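Scroll down for the structure; my scribbles are underneath it.
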Amino acid sequence: MNKSTLYHSAVTTCLMMLAGCNLLATSAPPAQVNTASSCPLPEVEHPDLAPLPVQSLPEDVIAISGQGGLCNARSYKVTRDFTIWRAWNSTYKGSKFGKWWSLEKPLGPVAHYRAALNICPKYSPLDMLVRCTLKAGSQVVIGPGQSAQCSDYFTYPQSDTNQLYLADAGQVTMNCATFYGEFSWREATSHEATAEKQN
């Protein structure tokens, strides 16, 4: 075998190796940044929200079981100003404009609201409420709540209620009004009293 033949053979071998490396690189699956979703994603039917064509979620939004956060989520663009709500903790200065908000005004028993939004008592006493206008053009993340282990003997299961995540609520809200929580009691029905005894 002459030098010319050896040269062409070596070049051919190198090209085949490079082609093989390129094939391996392009066939590898893309890295997953977010934790895998663990629940169905309800469709959000809101006149002032539009799903983003390219979905991108912050890393800390979808959490594993027992850690709170969301179990699945989708990103949206706000097409028109609308009202959102947040129950918060007056003992923590940064709580008023935290990341987790509600599309609906909190009503009814506080315990039901905690369960619907997976808010452990240790997270917040929920003694304050803020109502804000969410600005048009903002980008938000919405999805149902992940289960939250509040203690060794108490865990909120996954919720069907959608929560709204704002990365920087102070920048994307306006016209905010603050409300104080007050005691309001009603007599429990016989069914409610029985359920409490069973728990």
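Residues in the structure tokens are numbered from 1 in each chain, the chains being A, B, ... in the order shown, and ligands are numbered from 1 in the order shown.
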Which polymer residues have any atom within 10 Å of an atom of A:Ile62, counting only C-alpha atoms, with same-chain residues fewer than 2 positions away left out, as a PyMOL selection string? chain A and resi 34-38+57-60+64-65+67-73+143-146
Can you write just those residues out, N, CA and C atoms, as a PDB file, in the first residue's frame?
```pdb
ATOM      1  N   ASN A  34     -37.010  21.234  34.330  1.00  0.00           N
ATOM      2  CA  ASN A  34     -38.023  21.221  35.367  1.00  0.00           C
ATOM      3  C   ASN A  34     -38.339  19.804  35.827  1.00  0.00           C
ATOM      4  N   THR A  35     -38.794  19.694  37.085  1.00  0.00           N
ATOM      5  CA  THR A  35     -39.246  18.422  37.602  1.00  0.00           C
ATOM      6  C   THR A  35     -40.439  17.939  36.784  1.00  0.00           C
ATOM      7  N   ALA A  36     -40.497  16.638  36.512  1.00  0.00           N
ATOM      8  CA  ALA A  36     -41.588  16.103  35.705  1.00  0.00           C
ATOM      9  C   ALA A  36     -42.925  16.355  36.381  1.00  0.00           C
ATOM     10  N   SER A  37     -43.942  16.694  35.589  1.00  0.00           N
ATOM     11  CA  SER A  37     -45.269  16.928  36.129  1.00  0.00           C
ATOM     12  C   SER A  37     -45.831  15.620  36.672  1.00  0.00           C
ATOM     13  N   SER A  38     -46.690  15.724  37.682  1.00  0.00           N
ATOM     14  CA  SER A  38     -47.223  14.521  38.318  1.00  0.00           C
ATOM     15  C   SER A  38     -48.738  14.557  38.443  1.00  0.00           C
ATOM     16  N   LEU A  57     -40.824  27.313  31.997  1.00  0.00           N
ATOM     17  CA  LEU A  57     -41.222  27.406  33.402  1.00  0.00           C
ATOM     18  C   LEU A  57     -40.005  27.613  34.295  1.00  0.00           C
ATOM     19  N   PRO A  58     -40.109  28.459  35.323  1.00  0.00           N
ATOM     20  CA  PRO A  58     -39.026  28.593  36.304  1.00  0.00           C
ATOM     21  C   PRO A  58     -38.762  27.244  36.981  1.00  0.00           C
ATOM     22  N   GLU A  59     -37.535  27.023  37.391  1.00  0.00           N
ATOM     23  CA  GLU A  59     -37.144  25.724  37.933  1.00  0.00           C
ATOM     24  C   GLU A  59     -37.863  25.370  39.225  1.00  0.00           C
ATOM     25  N   ASP A  60     -38.249  26.356  40.025  1.00  0.00           N
ATOM     26  CA  ASP A  60     -38.797  26.071  41.342  1.00  0.00           C
ATOM     27  C   ASP A  60     -40.322  25.999  41.367  1.00  0.00           C
ATOM     28  N   ILE A  64     -41.700  18.158  43.603  1.00  0.00           N
ATOM     29  CA  ILE A  64     -41.987  16.750  43.851  1.00  0.00           C
ATOM     30  C   ILE A  64     -43.063  16.630  44.927  1.00  0.00           C
ATOM     31  N   SER A  65     -43.648  15.450  45.034  1.00  0.00           N
ATOM     32  CA  SER A  65     -44.717  15.200  45.990  1.00  0.00           C
ATOM     33  C   SER A  65     -44.292  15.565  47.408  1.00  0.00           C
ATOM     34  N   GLN A  67     -43.823  18.602  48.609  1.00  0.00           N
ATOM     35  CA  GLN A  67     -43.029  19.820  48.729  1.00  0.00           C
ATOM     36  C   GLN A  67     -43.792  21.099  48.418  1.00  0.00           C
ATOM     37  N   GLY A  68     -45.109  20.993  48.168  1.00  0.00           N
ATOM     38  CA  GLY A  68     -45.863  22.193  47.800  1.00  0.00           C
ATOM     39  C   GLY A  68     -45.533  22.610  46.373  1.00  0.00           C
ATOM     40  N   GLY A  69     -45.747  23.885  46.049  1.00  0.00           N
ATOM     41  CA  GLY A  69     -45.546  24.339  44.678  1.00  0.00           C
ATOM     42  C   GLY A  69     -46.674  23.820  43.782  1.00  0.00           C
ATOM     43  N   LEU A  70     -46.364  23.545  42.520  1.00  0.00           N
ATOM     44  CA  LEU A  70     -47.353  23.043  41.573  1.00  0.00           C
ATOM     45  C   LEU A  70     -46.979  21.636  41.126  1.00  0.00           C
ATOM     46  N   CYS A  71     -47.994  20.849  40.742  1.00  0.00           N
ATOM     47  CA  CYS A  71     -47.715  19.506  40.223  1.00  0.00           C
ATOM     48  C   CYS A  71     -47.700  19.483  38.699  1.00  0.00           C
ATOM     49  N   ASN A  72     -48.157  20.566  38.072  1.00  0.00           N
ATOM     50  CA  ASN A  72     -48.104  20.743  36.628  1.00  0.00           C
ATOM     51  C   ASN A  72     -48.370  22.219  36.362  1.00  0.00           C
ATOM     52  N   ALA A  73     -47.986  22.737  35.203  1.00  0.00           N
ATOM     53  CA  ALA A  73     -48.158  24.175  34.988  1.00  0.00           C
ATOM     54  C   ALA A  73     -48.036  24.533  33.516  1.00  0.00           C
ATOM     55  N   GLY A 143     -51.179  26.641  37.449  1.00  0.00           N
ATOM     56  CA  GLY A 143     -51.335  25.197  37.510  1.00  0.00           C
ATOM     57  C   GLY A 143     -51.889  24.762  38.851  1.00  0.00           C
ATOM     58  N   PRO A 144     -52.276  23.486  38.983  1.00  0.00           N
ATOM     59  CA  PRO A 144     -52.812  22.959  40.241  1.00  0.00           C
ATOM     60  C   PRO A 144     -51.713  22.687  41.257  1.00  0.00           C
ATOM     61  N   GLY A 145     -52.073  22.725  42.544  1.00  0.00           N
ATOM     62  CA  GLY A 145     -51.097  22.608  43.613  1.00  0.00           C
ATOM     63  C   GLY A 145     -50.582  21.190  43.836  1.00  0.00           C
ATOM     64  N   GLN A 146     -49.290  21.110  44.123  1.00  0.00           N
ATOM     65  CA  GLN A 146     -48.670  19.844  44.510  1.00  0.00           C
ATOM     66  C   GLN A 146     -48.989  19.562  45.981  1.00  0.00           C
TER      67      GLN A 146
END
```
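Here atom CA of A:Thr91 and atom CA of A:Leu166 stand 21.0 Å from one another.
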Near A:Arg114, counting only C-alpha atoms, which residues have an atom at most 12 Å away, once you skip same-chain residues fewer than 2 positions from it, shown as a ChimeraX atom specification? /A:68,87-88,102,106-112,116-126,145,147-148,150,155-159,161
Counting only C-alpha atoms, figure out which residue out of A:Pro47, A:Pro53, A:Gly66, A:Gly170 gets nearest to A:Phe82. A:Pro47
Atom-to-atom span, atom CA of A:Val78 and atom CA of A:Ala167, Å: 14.1 Å
Atom CA of A:Asp160 to atom CA of A:Ser190, straight-line distance in Å: 26.6 Å
Sel. of strand (DSSP E) residues, stretch 56-109 of chain A, as a PyMOL selection string: chain A and resi 74-78+82-88+100-101
Store the residues picked out above, limited to N, CA and C atoms, as a PDB file, in the first residue's frame.
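File produced: again-v4.pdb:
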```pdb
ATOM      1  N   ARG A  74     -48.550  25.717  33.196  1.00  0.00           N
ATOM      2  CA  ARG A  74     -48.451  26.267  31.851  1.00  0.00           C
ATOM      3  C   ARG A  74     -48.237  27.777  31.966  1.00  0.00           C
ATOM      4  N   SER A  75     -47.498  28.344  31.022  1.00  0.00           N
ATOM      5  CA  SER A  75     -47.212  29.781  31.021  1.00  0.00           C
ATOM      6  C   SER A  75     -48.242  30.522  30.179  1.00  0.00           C
ATOM      7  N   TYR A  76     -48.612  31.728  30.641  1.00  0.00           N
ATOM      8  CA  TYR A  76     -49.617  32.537  29.960  1.00  0.00           C
ATOM      9  C   TYR A  76     -49.145  33.988  29.863  1.00  0.00           C
ATOM     10  N   LYS A  77     -49.717  34.683  28.897  1.00  0.00           N
ATOM     11  CA  LYS A  77     -49.539  36.127  28.792  1.00  0.00           C
ATOM     12  C   LYS A  77     -50.854  36.799  29.169  1.00  0.00           C
ATOM     13  N   VAL A  78     -50.754  37.862  29.974  1.00  0.00           N
ATOM     14  CA  VAL A  78     -51.936  38.611  30.369  1.00  0.00           C
ATOM     15  C   VAL A  78     -52.294  39.575  29.240  1.00  0.00           C
ATOM     16  N   PHE A  82     -56.521  42.489  34.994  1.00  0.00           N
ATOM     17  CA  PHE A  82     -57.596  41.869  35.771  1.00  0.00           C
ATOM     18  C   PHE A  82     -57.146  41.709  37.223  1.00  0.00           C
ATOM     19  N   THR A  83     -58.095  41.384  38.094  1.00  0.00           N
ATOM     20  CA  THR A  83     -57.862  41.353  39.543  1.00  0.00           C
ATOM     21  C   THR A  83     -57.377  39.979  40.007  1.00  0.00           C
ATOM     22  N   ILE A  84     -56.387  39.982  40.901  1.00  0.00           N
ATOM     23  CA  ILE A  84     -55.904  38.759  41.547  1.00  0.00           C
ATOM     24  C   ILE A  84     -55.849  38.996  43.052  1.00  0.00           C
ATOM     25  N   TRP A  85     -55.698  37.903  43.823  1.00  0.00           N
ATOM     26  CA  TRP A  85     -55.760  37.968  45.278  1.00  0.00           C
ATOM     27  C   TRP A  85     -54.634  37.166  45.913  1.00  0.00           C
ATOM     28  N   ARG A  86     -54.245  37.596  47.122  1.00  0.00           N
ATOM     29  CA  ARG A  86     -53.255  36.832  47.878  1.00  0.00           C
ATOM     30  C   ARG A  86     -53.508  37.009  49.374  1.00  0.00           C
ATOM     31  N   ALA A  87     -53.701  35.883  50.083  1.00  0.00           N
ATOM     32  CA  ALA A  87     -53.738  35.900  51.544  1.00  0.00           C
ATOM     33  C   ALA A  87     -52.301  35.767  52.033  1.00  0.00           C
ATOM     34  N   TRP A  88     -51.916  36.607  52.998  1.00  0.00           N
ATOM     35  CA  TRP A  88     -50.495  36.651  53.363  1.00  0.00           C
ATOM     36  C   TRP A  88     -50.274  36.789  54.861  1.00  0.00           C
ATOM     37  N   TRP A 100     -47.081  33.415  45.169  1.00  0.00           N
ATOM     38  CA  TRP A 100     -48.262  32.583  44.945  1.00  0.00           C
ATOM     39  C   TRP A 100     -49.539  33.387  45.143  1.00  0.00           C
ATOM     40  N   TRP A 101     -50.417  33.384  44.120  1.00  0.00           N
ATOM     41  CA  TRP A 101     -51.637  34.185  44.114  1.00  0.00           C
ATOM     42  C   TRP A 101     -52.834  33.340  43.682  1.00  0.00           C
TER      43      TRP A 101
END
```
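Backbone DSSP of stretch 13-149 of chain A yields alpha helix (DSSP H) at Thr13, Cys14, Leu15, Met16, Met17, Leu18, Ala19, Gly20, Cys21, Asn22, Leu23, Leu24, Ala25, Thr26, Ser27, Val110, Ala111, His112, Tyr113, Arg114, Ala115, Ala116 and Leu117 of chain A.
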Selected residues written out, C-alpha atoms, as a PDB file, in the first residue's frame:
```
ATOM      1  CA  THR A  13     -11.655   6.837   8.833  1.00  0.00           C
ATOM      2  CA  CYS A  14     -11.571  10.270  10.520  1.00  0.00           C
ATOM      3  CA  LEU A  15     -14.624  11.456   8.584  1.00  0.00           C
ATOM      4  CA  MET A  16     -16.560   8.329   9.577  1.00  0.00           C
ATOM      5  CA  MET A  17     -15.643   8.872  13.242  1.00  0.00           C
ATOM      6  CA  LEU A  18     -16.769  12.510  13.112  1.00  0.00           C
ATOM      7  CA  ALA A  19     -20.045  11.542  11.461  1.00  0.00           C
ATOM      8  CA  GLY A  20     -20.668   8.959  14.154  1.00  0.00           C
ATOM      9  CA  CYS A  21     -19.989  11.485  16.934  1.00  0.00           C
ATOM     10  CA  ASN A  22     -22.356  13.973  15.312  1.00  0.00           C
ATOM     11  CA  LEU A  23     -25.089  11.323  15.076  1.00  0.00           C
ATOM     12  CA  LEU A  24     -24.718  10.474  18.749  1.00  0.00           C
ATOM     13  CA  ALA A  25     -24.830  14.141  19.762  1.00  0.00           C
ATOM     14  CA  THR A  26     -27.952  14.956  17.760  1.00  0.00           C
ATOM     15  CA  SER A  27     -29.847  11.847  18.849  1.00  0.00           C
ATOM     16  CA  VAL A 110     -60.021  29.252  56.118  1.00  0.00           C
ATOM     17  CA  ALA A 111     -59.319  25.513  56.413  1.00  0.00           C
ATOM     18  CA  HIS A 112     -60.921  24.909  53.006  1.00  0.00           C
ATOM     19  CA  TYR A 113     -58.820  27.676  51.452  1.00  0.00           C
ATOM     20  CA  ARG A 114     -55.637  26.176  52.940  1.00  0.00           C
ATOM     21  CA  ALA A 115     -56.484  22.746  51.554  1.00  0.00           C
ATOM     22  CA  ALA A 116     -57.393  24.101  48.100  1.00  0.00           C
ATOM     23  CA  LEU A 117     -54.095  25.985  47.759  1.00  0.00           C
TER      24      LEU A 117
END
```
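Checking A:Leu164, A:Arg186, A:Asn89, A:Gln139 one by one against A:Val44, counting only C-alpha atoms, you find the shortest gap at A:Leu164.
Comparing A:Ser184, A:Thr178, A:Ser90, A:Ser56 by their smallest distance to A:Val130, the closest is A:Thr178 (using only C-alpha atoms).
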